[in-house]
Structure formats: structure tokens, C-alpha cells
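Student: Sharing data_8.txt (compact mmCIF, C-alpha atoms and all ligand atoms) below.
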```txt
# COMPACT_ATOMS: atom_id res chain seq x y z
CA MET A 1 0.00 0.00 0.00
CA ALA A 2 2.71 2.37 1.08
CA SER A 3 4.86 1.45 -1.87
CA GLY A 4 1.79 2.02 -4.14
CA THR A 5 1.39 5.58 -2.87
CA GLN A 6 5.07 6.12 -3.25
CA SER A 7 5.09 5.04 -6.89
CA LYS A 8 2.06 7.30 -7.57
CA ALA A 9 3.92 10.20 -6.02
CA LYS A 10 6.89 9.39 -8.19
CA LYS A 11 4.70 9.41 -11.32
CA LYS A 12 3.29 12.80 -10.38
CA ALA A 13 6.72 14.17 -9.61
CA LYS A 14 8.02 13.41 -13.08
CA PRO A 15 6.11 16.10 -15.04
CA LYS A 16 6.86 18.54 -12.22
CA ALA A 17 10.54 18.08 -12.92
CA ARG A 18 9.90 18.69 -16.58
CA LYS A 19 7.89 21.84 -15.80
CA ASP A 20 10.99 23.48 -14.37
CA VAL A 21 12.86 22.61 -17.48
CA LEU A 22 10.22 23.24 -20.12
CA LEU A 23 8.04 26.17 -19.21
CA ASP A 24 8.86 29.09 -16.95
CA ILE A 25 5.42 30.67 -16.68
CA GLU A 26 2.79 29.91 -14.09
CA PHE A 27 -0.79 29.13 -15.03
CA ASN A 28 -3.39 26.56 -14.13
CA ASP A 29 -4.74 26.24 -17.62
CA THR A 30 -4.41 28.01 -20.98
CA SER A 31 -7.53 30.15 -20.42
CA GLU A 32 -5.22 32.38 -18.37
CA ILE A 33 -3.00 33.12 -21.35
CA SER A 34 -4.14 36.13 -23.32
CA VAL A 35 -4.49 35.79 -27.07
CA PRO A 36 -3.73 38.87 -29.22
CA PRO A 37 -6.78 40.07 -31.15
CA ARG A 38 -5.00 40.50 -34.48
CA LEU A 39 -4.16 37.40 -36.50
CA ILE A 40 -0.80 38.85 -37.50
CA ASP A 41 0.21 39.02 -33.82
CA GLN A 42 -0.84 35.41 -33.32
CA VAL A 43 1.74 34.13 -35.81
CA ILE A 44 4.54 32.36 -33.98
CA GLY A 45 8.12 32.22 -35.25
CA GLN A 46 8.19 33.38 -38.90
CA GLU A 47 9.38 36.87 -37.87
CA ASN A 48 10.70 37.56 -41.34
CA ALA A 49 7.48 36.56 -43.12
CA THR A 50 5.38 38.51 -40.61
CA GLU A 51 7.39 41.71 -41.14
CA ILE A 52 7.17 41.34 -44.91
CA VAL A 53 3.41 40.75 -44.82
CA LYS A 54 2.97 43.90 -42.72
CA LYS A 55 5.08 45.90 -45.15
CA ALA A 56 3.35 44.41 -48.21
CA ALA A 57 -0.06 45.26 -46.74
CA LEU A 58 0.91 48.93 -46.49
CA GLN A 59 2.27 48.92 -50.03
CA ARG A 60 -0.37 46.55 -51.46
CA ARG A 61 2.30 44.33 -52.96
CA HIS A 62 2.13 40.66 -53.84
CA VAL A 63 3.90 38.01 -51.79
CA LEU A 64 5.13 34.52 -52.55
CA LEU A 65 5.45 32.38 -49.42
CA ILE A 66 7.63 29.34 -49.89
CA GLY A 67 7.55 26.70 -47.22
CA GLU A 68 6.45 23.40 -45.80
CA PRO A 69 2.82 22.52 -45.02
CA GLY A 70 1.32 23.76 -41.78
CA THR A 71 3.83 26.55 -41.12
CA GLY A 72 1.28 29.35 -41.29
CA LYS A 73 1.12 30.42 -44.93
CA SER A 74 -2.68 30.54 -45.13
CA MET A 75 -2.75 32.18 -41.72
CA LEU A 76 -0.46 34.96 -42.97
CA GLY A 77 -2.73 35.45 -45.99
CA GLN A 78 -5.71 35.92 -43.73
CA ALA A 79 -3.70 38.18 -41.45
CA MET A 80 -2.87 40.37 -44.47
CA ALA A 81 -6.60 40.81 -45.23
CA GLU A 82 -7.12 42.03 -41.65
CA LEU A 83 -4.38 44.62 -42.15
CA LEU A 84 -5.82 46.08 -45.36
CA PRO A 85 -8.21 49.02 -44.98
CA LYS A 86 -11.87 48.15 -45.51
CA GLU A 87 -13.10 51.70 -45.91
CA GLU A 88 -12.82 51.81 -49.67
CA LEU A 89 -14.53 48.47 -50.35
CA VAL A 90 -17.11 48.51 -53.12
CA ASP A 91 -20.01 46.41 -54.38
CA VAL A 92 -20.02 45.60 -58.08
CA LEU A 93 -23.17 45.43 -60.19
CA CYS A 94 -23.70 43.92 -63.61
CA ILE A 95 -26.25 45.94 -65.56
CA ALA A 96 -28.24 45.03 -68.67
CA ASN A 97 -27.15 46.76 -71.84
CA PRO A 98 -30.36 47.08 -73.91
CA LYS A 99 -28.50 48.12 -77.06
CA TYR A 100 -25.87 45.36 -76.94
CA PRO A 101 -27.22 42.71 -74.56
CA ASN A 102 -24.08 40.58 -74.91
CA GLN A 103 -21.93 43.39 -73.55
CA PRO A 104 -23.34 43.93 -70.06
CA ARG A 105 -22.30 47.07 -68.21
CA VAL A 106 -20.51 47.11 -64.89
CA ALA A 107 -20.90 49.67 -62.10
CA THR A 108 -19.35 50.04 -58.66
CA LEU A 109 -21.04 51.47 -55.57
CA PRO A 110 -19.76 51.92 -52.02
CA ALA A 111 -20.00 48.66 -50.03
CA GLY A 112 -23.56 48.01 -48.89
CA HIS A 113 -25.21 50.12 -51.60
CA GLY A 114 -25.18 47.37 -54.24
CA ALA A 115 -27.61 45.03 -52.51
CA ARG A 116 -29.91 47.95 -51.73
CA LYS A 117 -29.99 49.05 -55.38
CA VAL A 118 -30.82 45.51 -56.54
CA GLU A 119 -33.57 45.22 -53.92
CA MET A 120 -35.12 48.53 -54.96
CA ASP A 121 -35.15 47.64 -58.65
CA ALA A 122 -36.52 44.17 -57.93
CA GLU A 123 -39.31 45.75 -55.89
CA ILE A 124 -40.27 47.99 -58.83
CA ALA A 125 -40.22 44.94 -61.12
CA ARG A 126 -42.36 42.94 -58.67
CA LYS A 127 -44.96 45.71 -58.55
CA SER A 128 -45.12 45.91 -62.34
CA GLY A 129 -45.39 42.10 -62.48
CA ASN A 130 -48.32 42.16 -60.05
CA LYS A 131 -50.01 44.85 -62.10
CA ARG A 132 -49.62 42.72 -65.22
CA PHE A 133 -51.07 39.70 -63.43
CA ILE A 134 -54.14 41.64 -62.32
CA ILE A 135 -54.69 43.11 -65.79
CA SER A 136 -54.43 39.67 -67.42
CA ILE A 137 -56.93 38.17 -64.94
CA ALA A 138 -59.29 41.08 -65.71
CA ILE A 139 -58.94 40.44 -69.45
CA LEU A 140 -59.60 36.72 -68.95
CA LEU A 141 -62.71 37.39 -66.88
CA ALA A 142 -63.93 40.05 -69.33
CA ILE A 143 -63.68 37.67 -72.30
CA ILE A 144 -65.47 34.88 -70.47
CA GLY A 145 -68.09 37.32 -69.17
CA TYR A 146 -68.64 38.72 -72.62
CA ALA A 147 -69.04 35.19 -74.05
CA LEU A 148 -71.62 34.38 -71.36
CA ILE A 149 -73.64 37.55 -72.06
CA ALA A 150 -73.39 37.23 -75.83
CA THR A 151 -74.69 33.65 -75.81
CA ALA A 152 -77.32 34.22 -73.13
CA GLY A 153 -80.09 34.09 -75.73
CA ASN A 154 -78.76 30.96 -77.43
CA PRO A 155 -78.04 28.25 -74.82
CA ALA A 156 -77.28 25.65 -77.50
CA SER A 157 -74.12 27.43 -78.72
CA GLN A 158 -73.04 28.52 -75.21
CA PRO A 159 -70.66 25.64 -74.32
CA GLN A 160 -68.81 25.95 -77.63
CA THR A 161 -68.45 29.75 -77.44
CA LEU A 162 -67.47 29.56 -73.80
CA LEU A 163 -64.76 27.05 -74.58
CA MET A 164 -63.42 29.30 -77.35
CA ALA A 165 -63.49 32.33 -75.04
CA MET A 166 -61.65 30.43 -72.32
CA PHE A 167 -59.05 29.29 -74.81
CA VAL A 168 -58.44 32.84 -76.09
CA GLY A 169 -58.54 34.23 -72.56
CA PHE A 170 -56.01 31.75 -71.21
CA PHE A 171 -53.78 32.28 -74.23
CA ILE A 172 -53.66 36.02 -73.56
CA PHE A 173 -53.14 35.35 -69.83
CA PHE A 174 -50.26 33.01 -70.57
CA MET A 175 -48.65 35.33 -73.11
CA LEU A 176 -48.80 38.27 -70.73
CA ASN A 177 -47.31 36.34 -67.81
CA GLN A 178 -44.80 33.96 -69.31
CA SER A 179 -42.33 36.50 -70.65
CA ARG A 180 -40.62 38.64 -68.06
CA SER A 181 -41.43 42.32 -67.98
CA LYS A 182 -38.92 44.86 -69.20
CA SER A 183 -38.34 46.15 -65.70
CA GLU A 184 -37.69 42.62 -64.47
CA MET A 185 -35.11 42.11 -67.20
CA LEU A 186 -33.39 45.32 -66.14
CA VAL A 187 -32.81 44.45 -62.48
CA PRO A 188 -29.02 44.52 -62.06
CA LYS A 189 -27.10 41.57 -60.74
CA LEU A 190 -24.89 41.88 -57.66
CA LEU A 191 -21.52 40.55 -58.79
CA VAL A 192 -19.55 41.42 -55.68
CA ASP A 193 -21.21 41.98 -52.32
CA ASN A 194 -19.11 43.50 -49.56
CA SER A 195 -22.05 44.63 -47.43
CA LYS A 196 -21.31 42.27 -44.55
CA LYS A 197 -17.52 42.45 -44.50
CA ASP A 198 -15.72 43.23 -41.23
CA THR A 199 -12.34 43.19 -42.96
CA ALA A 200 -11.01 43.42 -46.50
CA PRO A 201 -11.94 40.25 -48.42
CA PHE A 202 -9.81 37.11 -48.25
CA ASN A 203 -10.44 34.41 -50.82
CA ASP A 204 -8.64 31.11 -51.06
CA ALA A 205 -8.37 30.20 -54.72
CA THR A 206 -6.44 26.99 -54.11
CA GLY A 207 -7.62 24.33 -56.54
CA SER A 208 -10.16 26.59 -58.27
CA HIS A 209 -10.71 26.08 -61.99
CA ALA A 210 -10.46 28.97 -64.45
CA GLY A 211 -14.16 29.92 -64.23
CA ALA A 212 -14.21 30.19 -60.46
CA LEU A 213 -10.99 32.18 -60.49
CA LEU A 214 -11.53 34.53 -63.44
CA GLY A 215 -15.33 34.68 -63.67
CA ASP A 216 -17.68 32.97 -66.08
CA VAL A 217 -20.91 33.41 -68.02
CA ARG A 218 -23.42 30.59 -67.61
CA HIS A 219 -24.75 28.82 -70.66
CA ASP A 220 -28.39 29.51 -71.51
CA PRO A 221 -30.20 26.87 -73.57
CA PHE A 222 -33.05 29.35 -74.26
CA GLN A 223 -30.80 32.20 -75.35
CA SER A 224 -32.89 33.04 -78.43
CA GLY A 225 -36.62 33.70 -78.40
CA GLY A 226 -36.69 35.91 -75.34
CA LEU A 227 -37.47 33.02 -72.99
CA GLY A 228 -34.04 32.81 -71.47
CA THR A 229 -32.14 34.55 -68.74
CA PRO A 230 -30.71 37.89 -69.93
CA PRO A 231 -26.92 37.84 -70.41
CA HIS A 232 -26.12 40.24 -67.56
CA GLU A 233 -27.79 37.86 -65.12
CA ARG A 234 -25.68 34.96 -66.28
CA VAL A 235 -22.40 36.76 -65.55
CA GLU A 236 -20.63 35.28 -62.50
CA SER A 237 -17.74 37.06 -60.83
CA GLY A 238 -14.49 35.22 -60.20
CA LEU A 239 -12.45 35.08 -57.00
CA ILE A 240 -10.15 37.73 -58.46
CA HIS A 241 -13.11 40.15 -58.56
CA LYS A 242 -14.38 39.15 -55.13
CA SER A 243 -10.87 39.86 -53.83
CA HIS A 244 -10.86 43.46 -55.13
CA LEU A 245 -9.02 45.58 -52.53
CA GLY A 246 -8.40 42.44 -50.51
CA VAL A 247 -6.32 39.28 -50.63
CA LEU A 248 -6.40 36.49 -53.18
CA TYR A 249 -4.63 33.49 -51.71
CA SER A 250 -3.46 30.59 -53.80
CA ASP A 251 -1.59 27.56 -52.65
CA GLU A 252 0.20 25.43 -55.23
CA ILE A 253 -0.22 28.18 -57.79
CA GLY A 254 2.12 26.30 -60.13
CA THR A 255 -0.52 23.63 -60.62
CA LEU A 256 -2.90 26.09 -62.36
CA GLU A 257 -3.05 25.84 -66.15
CA MET A 258 -0.49 28.09 -67.85
CA ARG A 259 -3.28 29.95 -69.67
CA THR A 260 -5.04 30.66 -66.39
CA GLN A 261 -1.81 31.87 -64.81
CA GLN A 262 -1.30 34.15 -67.81
CA LYS A 263 -4.79 35.61 -67.36
CA LEU A 264 -4.15 36.04 -63.65
CA LEU A 265 -1.03 38.00 -64.51
CA THR A 266 -3.01 40.20 -66.92
CA ALA A 267 -5.56 40.84 -64.19
CA MET A 268 -2.76 41.82 -61.78
CA GLN A 269 -1.27 44.21 -64.31
CA GLU A 270 -4.52 45.85 -65.36
CA GLY A 271 -6.37 45.82 -62.04
CA LYS A 272 -9.53 44.83 -63.92
CA LEU A 273 -10.69 41.96 -66.10
CA GLN A 274 -13.72 41.48 -68.34
CA ILE A 275 -15.87 38.44 -67.61
CA THR A 276 -16.63 36.07 -70.44
CA GLY A 277 -17.80 32.46 -70.75
CA GLN A 278 -14.91 30.07 -70.12
CA SER A 279 -16.29 27.17 -72.13
CA GLU A 280 -15.99 28.08 -75.77
CA LEU A 281 -19.01 26.13 -77.01
CA SER A 282 -21.52 27.62 -74.61
CA SER A 283 -23.69 30.67 -75.30
CA GLY A 284 -21.78 32.30 -72.44
CA ALA A 285 -18.73 32.68 -74.70
CA MET A 286 -20.61 35.29 -76.76
CA VAL A 287 -21.07 37.47 -73.71
CA ARG A 288 -18.31 39.80 -72.59
CA SER A 289 -18.85 42.23 -69.76
CA ASP A 290 -17.27 45.60 -69.22
CA PRO A 291 -14.00 45.29 -67.26
CA VAL A 292 -14.65 44.37 -63.62
CA PRO A 293 -12.21 45.78 -61.02
CA CYS A 294 -9.82 43.26 -59.41
CA LYS A 295 -7.07 45.15 -57.56
CA PHE A 296 -6.15 42.34 -55.21
CA VAL A 297 -2.95 41.51 -53.37
CA LEU A 298 -1.86 38.02 -54.40
CA ILE A 299 -0.47 35.82 -51.69
CA ALA A 300 0.88 32.81 -53.54
CA ALA A 301 2.14 29.87 -51.54
CA GLY A 302 3.79 26.57 -52.16
CA ASN A 303 6.78 24.44 -51.44
CA ILE A 304 10.00 24.77 -53.42
CA GLU A 305 8.96 22.18 -56.04
CA THR A 306 5.53 23.61 -56.85
CA THR A 307 6.78 27.17 -57.02
CA ARG A 308 9.24 26.01 -59.68
CA ASN A 309 6.29 25.22 -61.94
CA MET A 310 4.92 28.74 -61.68
CA HIS A 311 4.51 30.71 -64.88
CA PRO A 312 7.89 32.49 -65.17
CA ALA A 313 6.28 35.84 -65.96
CA LEU A 314 3.99 35.57 -62.96
CA ARG A 315 6.86 34.68 -60.69
CA SER A 316 9.07 37.45 -61.96
CA ARG A 317 6.22 39.90 -61.49
CA ILE A 318 6.12 38.96 -57.81
CA GLN A 319 9.91 38.99 -57.56
CA GLY A 320 10.07 42.36 -59.32
CA SER A 321 7.43 44.35 -57.52
CA GLY A 322 6.54 42.17 -54.56
CA TYR A 323 8.25 39.88 -52.09
CA GLU A 324 9.42 36.31 -52.02
CA VAL A 325 9.76 34.84 -48.54
CA TYR A 326 10.95 31.51 -47.22
CA MET A 327 9.08 30.23 -44.20
CA THR A 328 11.15 28.58 -41.50
CA ASP A 329 10.22 25.20 -40.11
CA THR A 330 11.91 25.56 -36.74
CA MET A 331 12.64 28.24 -34.17
CA LYS A 332 15.33 28.34 -31.49
CA ASP A 333 14.46 26.50 -28.30
CA THR A 334 14.48 29.48 -25.93
CA PRO A 335 12.30 30.17 -22.87
CA GLU A 336 10.58 32.93 -24.84
CA ASN A 337 9.74 30.66 -27.77
CA ARG A 338 8.42 28.01 -25.40
CA ARG A 339 6.11 30.66 -23.94
CA LYS A 340 4.99 31.41 -27.47
CA LEU A 341 4.13 27.76 -27.89
CA ALA A 342 1.97 28.01 -24.78
CA ARG A 343 0.20 30.94 -26.40
CA PHE A 344 -0.17 28.88 -29.56
CA CYS A 345 -2.04 26.24 -27.50
CA ALA A 346 -4.33 28.93 -26.08
CA GLN A 347 -4.96 30.32 -29.59
CA GLU A 348 -5.84 26.94 -31.03
CA ILE A 349 -8.26 26.21 -28.18
CA VAL A 350 -9.95 29.59 -28.49
CA LYS A 351 -10.27 29.05 -32.24
CA ASP A 352 -11.60 25.51 -31.91
CA ARG A 353 -14.18 26.38 -29.22
CA ARG A 354 -14.76 22.70 -28.44
CA ILE A 355 -11.61 21.38 -26.86
CA PRO A 356 -11.14 22.26 -23.19
CA HIS A 357 -8.21 24.40 -22.07
CA PHE A 358 -4.87 22.68 -21.50
CA THR A 359 -3.23 22.35 -18.13
CA HIS A 360 0.33 23.49 -17.56
CA GLU A 361 1.39 19.88 -17.80
CA ALA A 362 -0.34 19.34 -21.14
CA VAL A 363 1.37 22.43 -22.61
CA GLU A 364 4.70 21.09 -21.46
CA GLU A 365 3.90 17.93 -23.28
CA ILE A 366 3.42 20.02 -26.44
CA VAL A 367 6.75 21.81 -25.89
CA TYR A 368 8.42 18.45 -25.47
CA GLU A 369 6.78 17.24 -28.66
CA ALA A 370 7.90 20.41 -30.50
CA GLN A 371 11.49 19.68 -29.45
CA ARG A 372 11.19 16.11 -30.55
CA ARG A 373 9.74 16.98 -33.95
CA ALA A 374 12.28 19.68 -34.82
CA ASP A 375 14.90 18.23 -37.09
CA LYS A 376 17.57 20.48 -35.57
CA LYS A 377 19.17 20.32 -32.16
CA ASP A 378 17.98 22.96 -29.65
CA HIS A 379 15.09 23.94 -31.87
CA LEU A 380 11.30 23.73 -31.75
CA THR A 381 9.24 22.71 -34.76
CA LEU A 382 7.15 25.32 -36.53
CA ARG A 383 5.05 22.83 -38.43
CA LEU A 384 2.36 23.87 -36.07
CA ARG A 385 -0.64 22.34 -37.75
CA GLU A 386 0.82 18.87 -37.19
CA LEU A 387 1.61 19.78 -33.63
CA GLY A 388 -1.88 21.12 -33.01
CA GLY A 389 -3.48 18.00 -34.45
N1 LIG A 401 3.41 30.19 -37.35
C1 LIG A 401 2.23 29.91 -36.83
N2 LIG A 401 1.78 30.59 -35.76
C2 LIG A 401 0.60 30.30 -35.18
N3 LIG A 401 -0.22 29.34 -35.63
C3 LIG A 401 0.18 28.61 -36.68
C4 LIG A 401 1.40 28.86 -37.34
N4 LIG A 401 1.54 27.99 -38.35
C5 LIG A 401 0.44 27.24 -38.36
N5 LIG A 401 -0.40 27.60 -37.37
C6 LIG A 401 -1.68 27.00 -37.04
O1 LIG A 401 -1.88 25.90 -37.92
C7 LIG A 401 -2.99 26.14 -38.78
C8 LIG A 401 -2.64 25.69 -40.17
O2 LIG A 401 -1.68 26.52 -40.71
P1 LIG A 401 -1.79 27.12 -42.18
O3 LIG A 401 -3.01 26.60 -42.86
O4 LIG A 401 -1.65 28.57 -42.12
O5 LIG A 401 -0.54 26.44 -42.81
P2 LIG A 401 -0.08 26.43 -44.31
O6 LIG A 401 1.35 26.81 -44.30
O7 LIG A 401 -0.99 27.26 -45.11
O8 LIG A 401 -0.22 24.92 -44.68
P3 LIG A 401 -0.53 24.26 -46.11
O9 LIG A 401 0.69 24.43 -46.94
O10 LIG A 401 -0.79 22.83 -45.77
O11 LIG A 401 -1.73 24.95 -46.63
C9 LIG A 401 -3.25 27.62 -38.69
O12 LIG A 401 -4.59 27.91 -38.91
C10 LIG A 401 -2.83 27.95 -37.28
O13 LIG A 401 -3.88 27.61 -36.42
MG MG A 402 -2.62 26.63 -46.34
```
Can you turn what I pasted into C-alpha cells?
Tutor:
Amino acid sequence: MASGTQSKAKKKAKPKARKDVLLDIEFNDTSEISVPPRLIDQVIGQENATEIVKKAALQRRHVLLIGEPGTGKSMLGQAMAELLPKEELVDVLCIANPKYPNQPRVATLPAGHGARKVEMDAEIARKSGNKRFIISIAILLAIIGYALIATAGNPASQPQTLLMAMFVGFFIFFMLNQSRSKSEMLVPKLLVDNSKKDTAPFNDATGSHAGALLGDVRHDPFQSGGLGTPPHERVESGLIHKSHLGVLYSDEIGTLEMRTQQKLLTAMQEGKLQITGQSELSSGAMVRSDPVPCKFVLIAAGNIETTRNMHPALRSRIQGSGYEVYMTDTMKDTPENRRKLARFCAQEIVKDRRIPHFTHEAVEEIVYEAQRRADKKDHLTLRLRELGG
């Protein structure tokens, strides 16, 4: 019994010994560690990349982050979006062009005004639609009523005449209601909506195909005959447009088709790009919008191999007017960096919302694991996603 208690005490004493070695701050659990509000201040290690992202945000320059998975590349992209001003954000509308329907117009309004404009125009269209419905019902009833009165004296021919009247009446009713009113066709489409943004936009384009990235025009099987959806409504903005005045993030950018990378480069140079159908056989390919603004900051990421496959012109554009940064996968094993790892634990728990806070002992376990996983002596790993998982 006594020896049992003794061995338990020994087991408990072991982490205590490690505590002195591993972590020099006192806390019961990680809820006592304060987490900085800004994402950029939550980034651990990566001092060089953090400084460059701060600088690039001020200058609105592109950045290529080269490094191993889970070292914080996406996190830095998001942090950049938080640093960009959100005051100048705009909504973008696509407007019908009655003269040349296949060349829809584009207009920008201050953020929040786009949705309101669309709502107002839709309301006008709804009212005119209701009016049309009521008029067509009145016409239908009038024709049937007239047929009833006209045949009142001749009951034998009544069913036949009534049937004719109903046929004509319903035909008119259908014709009036099936095609959309002019005002309905003119309701603009909201291409980019920034009404609910707390920060500048951040869009992850990793793995997106050309249409999602550069915008597209949907195919319309009923394009002729006035039954279809008007061209301006079929225009879809791409992530480059949604990232206007914000951040477009792309991991493994070298895996994008060369043609798409070329277009991306054009968009970066011009700060605007027309939207057209990406699939050449669809009716969408006939439609070409006015240029749509896309002044985004590109944060491209990848490891050394994938960045080698990047379009040379795209890469040299970033090298020439932006920054290329190598992420580090370890940091020195110092008391300060261990404390940062404790803060990392607190951050991850706050972000996750489900896992309970870590005890001092559990954080030490993480520090120990970070030492073990670093491939350099006296270093801590910065492949923090792996460590968090
Ligand atoms: N340097 C860091 N500081 C703080 N947290 C980090 C850091 N690196 C990674 N993390 C944590 O790990 C998560 C995953 O990292 P992130 O997605 O930014 O890595 P990545 O470099 O983009 O990886 P991948 O190449 O696989 O996309 C982050 O959301 C963050 O919670
Ligand atoms: Mg990532």
C-alpha cells in the first residue's frame, strides 16, 4: 500500500521536474494566457514573413510564401486581409445593356449600396409584375363574361363559345405572364457583395478552376426567343473580382493551367478583367462584360517544387514588384519561444471552441513534442498544424 502511494507520487513528480525545465510561466490552464486580437500578432516564429506581410499590406504588394505545409502560410494570408483598410470596399453590379445585350455594363457602388440598389429595382419589377397579373386576370374574366352575355339568348351554342373564349382568354393570360417584364429584365445583378464584410476580403483560390478564379458566363439553352435569362444575369464574378481591394490566396499556384496563370497576370497588371464564358461552345462565350475591377494583393504559396512550376512571368512579377519569402520550419528553443508555444495552444483552443483548455502539464507535453519533432538540435518545430493536431 505504502509502496503504491510512493510510486504514484513518483509518477506525479516526473512532469513537475519537466515543468521546471520546459516552461517558466505559471498558469493553471491556458484560459489564463491572453491571445492577441489580431491574426498577424498570433503568428509564432516566422518573424521575417510577418514583417514582410505587414510591409506588403501597407504597399499593397504581392507576396510569394515558400515553405512546408502547416507553417502558417494561409494564416499569414488571412492576417494580411485584416491589415488592409476596408473603408474603400465597393459592391459591383452587372447591368443590362439594352443596345448590346451581350456586352453587359458594370458599375461600382460603395459597399452596402449594391444590394440595396438591386432590392429597390426588384421591388419595382415585382410591382409591375403584379399589375400585369391583375390586368391579365381582368382580361380573362372580361372575355369569359362577354361570351356568357353574348350567348345568353342561345343556350345551344353557349358551351362551344365559352370554350373558345376560355381558350383565347387563357392564351392572352399566358402570353402576358410567361415572358418577363422589361423592368424585371433590367434588375441589375450583384456581382460582388461587400455589405457584410468586417475586414477586407480574403479568398482562397487553391484548386479553383479557371471559371471560379476569373469569372464565367453561364450557358443559356433558351438564349434566343426571349425566354431565357438575360446575359447580364448569367455573368458570374471570379475570385479575383471578389478579392478586389483584398487578398487572393493561392496555394500550389504552379498547378494552375499556364493559360489561367497568364490571365491572372493580366488581371494583376490591369487591375480589372472582363468576364466572359470560359467554355468556348456555350452561349456564355458570346457574352463579354465591361471590365470588372480586381485590384487584389496576391499571396501565392507553395513548397519549393511547386513554385518552380509557376509561370515564369507571374513569378518574376512577384519577384520584381513584390516579395518572395521563405518560411522557417523551426525556431530556437528558448524560454521565450516556449512561452509562445503556450500561447499557440491557447490560440488553437480559443479558435476551436470545443476542446477544453490545456493544463500546464499538457502544454509542457506540447513543448516536449515540439522539441522532438524539430529536425535540428535545440530547436522547436514550426510545423504547427501537425503539432496542433
Ligand atoms: N506560425 C504559426 N503561428 C501560429 N499558428 C500557426 C502557425 N503555423 C500554423 N499555425 C496554425 O496551424 C494552422 C494551419 O496553418 P496554415 O493553414 O496557415 O498552414 P499552411 O502553411 O498554409 O499549410 P498548407 O501548406 O498545408 O496549406 C493555422 O490555422 C494555425 O492555427
Ligand atoms: Mg494553407
Student: So how many Å separate CA of Arg60 in chain A and CA of Val297 in chain A, to one decimal?
Tutor: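 These atoms are spaced 6.0 Å apart.
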Student: For ligand MG 402 (chain A), which of A:Glu119, A:Glu32, A:Asp251, A:Asp220 is the closest residue, counting all atoms listed in the file?
Tutor: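 Going through A:Glu119, A:Glu32, A:Asp251, A:Asp220 one by one, the smallest distance to ligand MG 402 (chain A) is for A:Asp251.
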Student: Produce as an MDAnalysis selection string the set of residues near ligand LIG 401 (chain A), where near means within 6 Å with all atoms listed in the file considered.
Tutor: chainID A and resid 42:46 68:75 344 348 384:385
Student: Write out, as CSV, each residue of range 13-110 of chain A that has an atom at most 12 Å from range 240-246 of chain A, together with the closest pair of atoms and their distance in Å to one decimal, counting all atoms listed in the file, rows going by chain and rising number.
Tutor:
```
residue,atom,partner,partner_atom,distance
A:Ala57,CA,A:Gly246,CA,9.6
A:Arg60,CA,A:Leu245,CA,8.8
A:Arg61,CA,A:Gly246,CA,11.1
A:His62,CA,A:Gly246,CA,11.2
A:Gly77,CA,A:Gly246,CA,10.1
A:Gln78,CA,A:Gly246,CA,9.8
A:Ala79,CA,A:Gly246,CA,11.1
A:Met80,CA,A:Gly246,CA,8.4
A:Ala81,CA,A:Gly246,CA,5.8
A:Glu82,CA,A:Gly246,CA,9.0
A:Leu83,CA,A:Gly246,CA,9.5
A:Leu84,CA,A:Gly246,CA,6.8
A:Pro85,CA,A:Leu245,CA,8.3
A:Lys86,CA,A:Leu245,CA,8.0
A:Glu87,CA,A:Leu245,CA,9.9
A:Glu88,CA,A:Leu245,CA,7.8
A:Leu89,CA,A:Leu245,CA,6.6
A:Val90,CA,A:His244,CA,8.3
A:Asp91,CA,A:Lys242,CA,9.2
A:Val92,CA,A:His241,CA,8.8
A:Leu93,CA,A:His241,CA,11.5
A:Val106,CA,A:His241,CA,12.0
A:Thr108,CA,A:His244,CA,11.3
```
Student: Which one is closest to Leu265 in chain A: A:Gly302, A:Pro312, A:Gly67, A:Gly238? Count only C-alpha atoms.
Tutor: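 Nearest candidate to Leu265 in chain A out of A:Gly302, A:Pro312, A:Gly67, A:Gly238: A:Pro312.
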Student: Near range 206-217 of chain A, within 9 Å and counting only C-alpha atoms, which residues show up once chain neighbours fewer than 4 positions away are dropped, as a PyMOL selection string?
Tutor: chain A and resi 231-241+249-253+255-257+259-260+263-264+267+273-279+282-288
Student: Report, in Å with one decimal, the straight-line distance from CA of Asn309 in chain A to CA of Glu324 in chain A.
Tutor: 15.2 Å
Student: At a cut-off of 7 Å, using all atoms listed in the file, what residues contact Gly169 in chain A? Leave out same-chain residues fewer than 6 positions from it and give the result as a list of chain:residue names.
Tutor: A:Ile139, A:Leu140, A:Ile143
Student: Give me the residues near Ile144 in chain A as a list in words, where near means some atom within 8 Å (using all atoms listed in the file) and where sequence neighbours in that chain fewer than 6 positions away do not count.
Tutor: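 Those residues are Leu162, Ala165, Met166 and Gly169 of chain A.
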Student: Near Pro356 in chain A, counting only C-alpha atoms, which residues have an atom at most 10 Å away, once you skip same-chain residues fewer than 6 positions from it, shown as JSON, numbers by chain?
Tutor: {"A": [29, 30, 31, 346, 349, 350]}
Student: Quick one: of A:Ala200, A:Thr229, A:Arg354, A:Leu76, who's nearest to ligand MG 402 (chain A), counting all atoms listed in the file?
Tutor: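 Under the stated criterion, the closest residue is A:Leu76.
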